[in-house]
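The structure under discussion appears below in the form of structure tokens.
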Amino acid sequence: MSEIPMVPDEYDFWLLDLDGTLVDIQPSYVQQVFDEVGDRLGREFTDREAEIIWHGLGGSRNEQLSQWGIDVDRFWDVFHDVEDAEARARHTYLYDDADFVADLDVPVGLVTHCQQYLTDPVLDRLDIRDWFDTVVCCTEDTGWKPDPEPVEMAMEDLDIAYTGHAGAPPTGANGASEAPRSSGVLAGDGPHDVGAAWNAGLDGIHVERHGPDRRGQCVLGDYRIETFGEFADGLSEPGSD
């Protein structure tokens, strides 16, 4: 366990994932959605299967759907048709440890796979829209994490000119100092979040809300935590636990 007090202060800007990182959905709503999707597809989903797809446990959702013999495009067409934005917002809750975001005294952005029409009601109902200086909802045009494009779009919105890792002094090819760079971090609950951070040149924090046993894999990151409350006690670096 490394003693790294108040890690948020080490970064010039923060980017965060939304679902599973700052907020989550009541399980009853998840099963309700998958019951309806299953009815339309003629294929029943167990509670565990619904959990795997909803939270992206085990890796790629599309690969998992294909392994189950489900047409990926058809599934998502039905899924998005079934989802109701207001119902989802009513069943969404804020993690107790997420309120640290409101205290960050640096630019903060949201980069989420949740679509705009679903994201907006959640931000408004939970009254957290003013936590963020920019909100990027991934689409086919922006790309999907772990692609760096949506992360870079958020940095552009925040007017971040340079990126680098916290504590890494910028130097040129001859060792001379360059102009100061902004150090940033992206925190999320999935491997695609850490991958997007690294692909964009940022530090990545993995927030493990489920545990490797339920996820089916161990996700690495520059830091690994179970709650944002661990910032007060120091963070776990890869290989230190």
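FYI, nothing fancy with the structure tokens labels: chains A, B, ... in order, residues from 1 per chain, ligands from 1 as they appear.
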
Inset, instruction - Just the residues within 12 Å of stretch 23-25 of chain A, please, counting only C-alpha atoms, with nothing from its chain fewer than 3 positions along; format it as an MDAnalysis selection string. - result: chainID A and resid 16:20 28:33 51 54:55 87:99 112 114 119 122:123 125:126 128 188:189 207 209:210

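Near A:Leu158, within 10 Å and counting only C-alpha atoms, sit Phe13, Pro107, Val108, Gly109, Asp133, Thr134 and Glu152 of chain A; same-chain residues fewer than 6 positions away were not included.
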
How would the residues just picked look written out with N, CA, C and O atoms as an mmCIF file, in the first residue's frame?
```
data_model
loop_
_atom_site.group_PDB
_atom_site.id
_atom_site.type_symbol
_atom_site.label_atom_id
_atom_site.label_comp_id
_atom_site.auth_asym_id
_atom_site.auth_seq_id
_atom_site.Cartn_x
_atom_site.Cartn_y
_atom_site.Cartn_z
ATOM 1 N N PHE A 13 -6.345 18.326 -14.123
ATOM 2 C CA PHE A 13 -7.730 18.125 -14.543
ATOM 3 C C PHE A 13 -8.110 16.667 -14.348
ATOM 4 O O PHE A 13 -7.248 15.789 -14.279
ATOM 5 N N PRO A 107 -10.451 21.734 -13.548
ATOM 6 C CA PRO A 107 -11.439 21.356 -14.568
ATOM 7 C C PRO A 107 -11.797 19.872 -14.480
ATOM 8 O O PRO A 107 -10.924 19.026 -14.271
ATOM 9 N N VAL A 108 -13.080 19.573 -14.641
ATOM 10 C CA VAL A 108 -13.576 18.200 -14.521
ATOM 11 C C VAL A 108 -14.481 17.893 -15.712
ATOM 12 O O VAL A 108 -15.359 18.694 -16.058
ATOM 13 N N GLY A 109 -14.250 16.733 -16.328
ATOM 14 C CA GLY A 109 -15.072 16.325 -17.458
ATOM 15 C C GLY A 109 -15.635 14.932 -17.270
ATOM 16 O O GLY A 109 -15.081 14.114 -16.524
ATOM 17 N N ASP A 133 -17.411 20.376 -16.148
ATOM 18 C CA ASP A 133 -17.194 21.480 -17.071
ATOM 19 C C ASP A 133 -17.443 21.065 -18.512
ATOM 20 O O ASP A 133 -17.589 21.927 -19.385
ATOM 21 N N THR A 134 -17.466 19.780 -18.771
ATOM 22 C CA THR A 134 -17.832 19.262 -20.085
ATOM 23 C C THR A 134 -18.370 17.852 -19.915
ATOM 24 O O THR A 134 -17.987 17.128 -18.977
ATOM 25 N N GLU A 152 -9.930 12.797 -25.831
ATOM 26 C CA GLU A 152 -9.282 13.974 -26.405
ATOM 27 C C GLU A 152 -10.308 15.078 -26.673
ATOM 28 O O GLU A 152 -10.002 16.266 -26.525
#
```

Legend entry - Residues of stretch 78-205 of chain A in helix (DSSP H, G or I), written as a count of residues only: 50

Legend entry - Pick from A:Pro150, A:Gly58, A:Gly229, A:Gly38, whichever lies nearest to A:Trp76 using only C-alpha atoms: A:Gly38

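When only C-alpha atoms are used to compute distances to A:Val78, the closest of the residues A:Glu49, A:Glu36, A:Asp12, A:Asp103 turns out to be A:Glu36.
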
Legend entry - Secondary structure check, strand (DSSP E or B) residues of stretch 40-222 of chain A, as a VMD selection string: chain A and resid 92 to 94 108 to 112 134 to 137 139 143 163 to 164 171 177 182 to 188 203 to 207

Compile the contact shell of A:His80 as an mmCIF file with N, CA, C and O atoms, in the first residue's frame: residues with an atom at most 10 Å away, counting only C-alpha atoms, same-chain residues fewer than 4 positions apart removed.
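What ended up in around_18.cif:
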```
data_model
loop_
_atom_site.group_PDB
_atom_site.id
_atom_site.type_symbol
_atom_site.label_atom_id
_atom_site.label_comp_id
_atom_site.auth_asym_id
_atom_site.auth_seq_id
_atom_site.Cartn_x
_atom_site.Cartn_y
_atom_site.Cartn_z
ATOM 1 N N VAL A 33 -35.547 -4.378 -17.638
ATOM 2 C CA VAL A 33 -35.149 -4.087 -19.015
ATOM 3 C C VAL A 33 -34.824 -5.373 -19.758
ATOM 4 O O VAL A 33 -35.274 -5.591 -20.893
ATOM 5 N N VAL A 37 -36.352 -7.072 -23.135
ATOM 6 C CA VAL A 37 -35.474 -7.363 -24.272
ATOM 7 C C VAL A 37 -35.551 -8.844 -24.628
ATOM 8 O O VAL A 37 -35.649 -9.218 -25.808
ATOM 9 N N PHE A 75 -29.615 -6.977 -30.886
ATOM 10 C CA PHE A 75 -29.729 -6.802 -29.436
ATOM 11 C C PHE A 75 -29.746 -5.325 -29.063
ATOM 12 O O PHE A 75 -30.622 -4.876 -28.308
ATOM 13 N N TRP A 76 -28.780 -4.554 -29.582
ATOM 14 C CA TRP A 76 -28.684 -3.147 -29.176
ATOM 15 C C TRP A 76 -29.842 -2.320 -29.720
ATOM 16 O O TRP A 76 -30.293 -1.368 -29.062
ATOM 17 N N ASP A 84 -36.101 3.449 -21.217
ATOM 18 C CA ASP A 84 -36.832 4.696 -21.045
ATOM 19 C C ASP A 84 -35.979 5.619 -20.177
ATOM 20 O O ASP A 84 -35.606 5.267 -19.049
ATOM 21 N N ALA A 85 -35.657 6.802 -20.700
ATOM 22 C CA ALA A 85 -34.707 7.686 -20.037
ATOM 23 C C ALA A 85 -35.174 8.109 -18.650
ATOM 24 O O ALA A 85 -34.393 8.115 -17.689
ATOM 25 N N GLN A 115 -25.676 7.203 -23.533
ATOM 26 C CA GLN A 115 -26.082 8.135 -24.575
ATOM 27 C C GLN A 115 -26.658 9.427 -23.980
ATOM 28 O O GLN A 115 -27.140 9.455 -22.854
ATOM 29 N N LEU A 118 -30.015 9.552 -22.321
ATOM 30 C CA LEU A 118 -30.062 8.860 -21.041
ATOM 31 C C LEU A 118 -29.249 9.592 -19.974
ATOM 32 O O LEU A 118 -29.599 9.580 -18.795
#
```
